[in-house]
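What follows is a short report on a single structure.
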Amino acid sequence: MKRVALKDLQKDVVINQNLYDPRFNILVQRGTVLNDKMLEALSYYGYLSIFVKTENEKNDEHPSLPYEEINALIKLIKNAEIEFTTYYSKRQHANAISHYKKYIEKRDLFVQKSQRLAEDIILYLVKNQIRIYQIFESKSLKLYGTQHAIQTALLSVLMGIDLKLTMQELKILFNSAIMMEFGNIIIPKSILEKQGRLTTEEFEFVKAHTAFYSKEFNDCDKMHYLVRIVTQQHHERFNGSGYPLGLKKHEIHPLAQIMMV
């Protein structure tokens with residue numbers, strides 16, 4: 001498999017990736033023989049290059065995602081969510097201090113374990129040259145909940161790899177995306193599961209979840225301080241319409257800008 005610039009493509013080559021339009025509707029399926037009409041469509045949608053099958057290629061399948069590590073991370077996150085939710089339900093209890101100490105221990109242990117898994121996953125992505133389209137094609141990653149956080153982490157890191165970010169920056173990106181999931185703990189379930197438009201009051205609840213990261217992980221020395229900043233800013237927007245601070249353009253941390261995409 002090799003990447004070929006669109007201008008250098010010839011008819012009758014075999015496409016070695018699924019190609020999508022801006023709404024992620026499939027344009028051309030992997031294994032399709034290219035023709036003039038397809039070339040026009042790819043040019044129209046802004047493709048500059050694509051992967052094609054090479055002659056005498058024994059295995060045209062790209063390495064799969066590191067599902068063992070991903071599933072381990074999903075399980076870790078879900079267990080942590082249960083622990084954090086339990087703590088929040090008991091924080092007004094008479095034994096609140098005791099609950100808090102246990103919570104801190106489990107929180108820090110989660111951060112350590114998740115960071116180790118994150119590093120393993122990132123190294124796998126780099127070594128095996130995993131492509132962004134593979135994330136969208138994965139049937140195991142859904143667009144909601146914990147798996148959405150994993151998907152965001154994978155996509156952010158792959159963009160970061162293309163941008164030549166350092167390993168440290170890639171780890172910050174990945175862990176920031178993972179931490180997004182925990183802000184939902186403080187949002188009432190009725191709001192999270194509501195169908196339709198939120199009221200102004202309900203949206204204020206949603207906006208408040210970004211404060212969770214800086215508040216609950218502020219004293220966690222196991223976590224890089226930028227993770228809190230990036231996670232808190234991932235709902236900001238270039239035009240200042242985002243939240244919680246209404247930051248604009250370069251006021252938003254570059255790593256948070258990647259997660260915004």
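Lettering and numbering for the structure tokens are positional, with chains as A, B, ... in the shown order, residues counted from 1 in each chain, and ligands counted from 1 in the shown order.
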
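When DSSP reads the backbone of this structure, the residues of range 23-128 of chain A it assigns to strand (DSSP E or B) are A:Ile26, A:Leu27, A:Val28, A:Val33, A:Ser49, A:Ile50, A:Phe51, A:Val52.
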
If we count only C-alpha atoms and set the cut-off at 7 Å, which residues sit around Lys2 in chain A, ignoring sequence neighbours fewer than 4 positions away in its own chain? Please answer as a CSV table (one decimal) with N, CA and C atoms, in the first residue's frame.
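Listing of out-v3.csv after writing:
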chain,number,residue,atom,x,y,z
A,51,PHE,N,-4.6,6.3,-0.5
A,51,PHE,CA,-3.9,5.1,-0.5
A,51,PHE,C,-4.4,4.1,-1.6
A,52,VAL,N,-3.4,3.5,-2.3
A,52,VAL,CA,-3.8,2.6,-3.4
A,52,VAL,C,-3.0,1.3,-3.1
A,53,LYS,N,-3.5,0.2,-3.7
A,53,LYS,CA,-2.8,-1.1,-3.6
A,53,LYS,C,-1.7,-1.1,-4.6
A,54,THR,N,-0.5,-1.6,-4.1
A,54,THR,CA,0.7,-1.8,-4.9
A,54,THR,C,0.7,-3.1,-5.6

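Distances here use only C-alpha atoms; by that measure, the residue among A:Gly246, A:Gln151, A:Leu109, A:Ile121 closest to Ile135 in chain A is A:Gln151.
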
I'd like a table as a tab-separated table: residues in range 129-198 of chain A with an atom no more than 10 Å from range 79-89 of chain A, each row giving the shortest atom pair and its distance in Å to one decimal, only C-alpha atoms counted, sorted by chain and rising residue number.
residue	atom	partner	partner_atom	distance
A:Thr146	CA	A:Glu81	CA	9.6
A:Glu181	CA	A:Glu81	CA	8.4
A:Phe182	CA	A:Glu81	CA	6.7
A:Gly183	CA	A:Glu81	CA	9.9
A:Asn184	CA	A:Glu81	CA	9.5
A:Ile185	CA	A:Thr85	CA	6.3
A:Ile186	CA	A:Tyr88	CA	8.3

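If you look at CA of Lys189 in chain A and CA of Leu173 in chain A, they are 27.3 Å away from each other.
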
Might you pull out every residue within 9 Å of range 67-69 of chain A, with only C-alpha atoms counted and same-chain residues fewer than 5 positions away left off, and present them as an MDAnalysis selection string? chainID A and resid 74 117:118 120:121 140

DSSP on the backbone, alpha helix (DSSP H) only: what residues of range 110-162 of chain A does that give? Format it as a PyMOL selection string. chain A and resi 110-127+132-137+145-162

I want to know what sits within 12 Å of Leu34 in chain A, based on only C-alpha atoms, with residues of the same chain fewer than 6 positions away left out; could you give that as a ChimeraX atom specification? /A:6,9-17,19,27-28,40-42,50-53
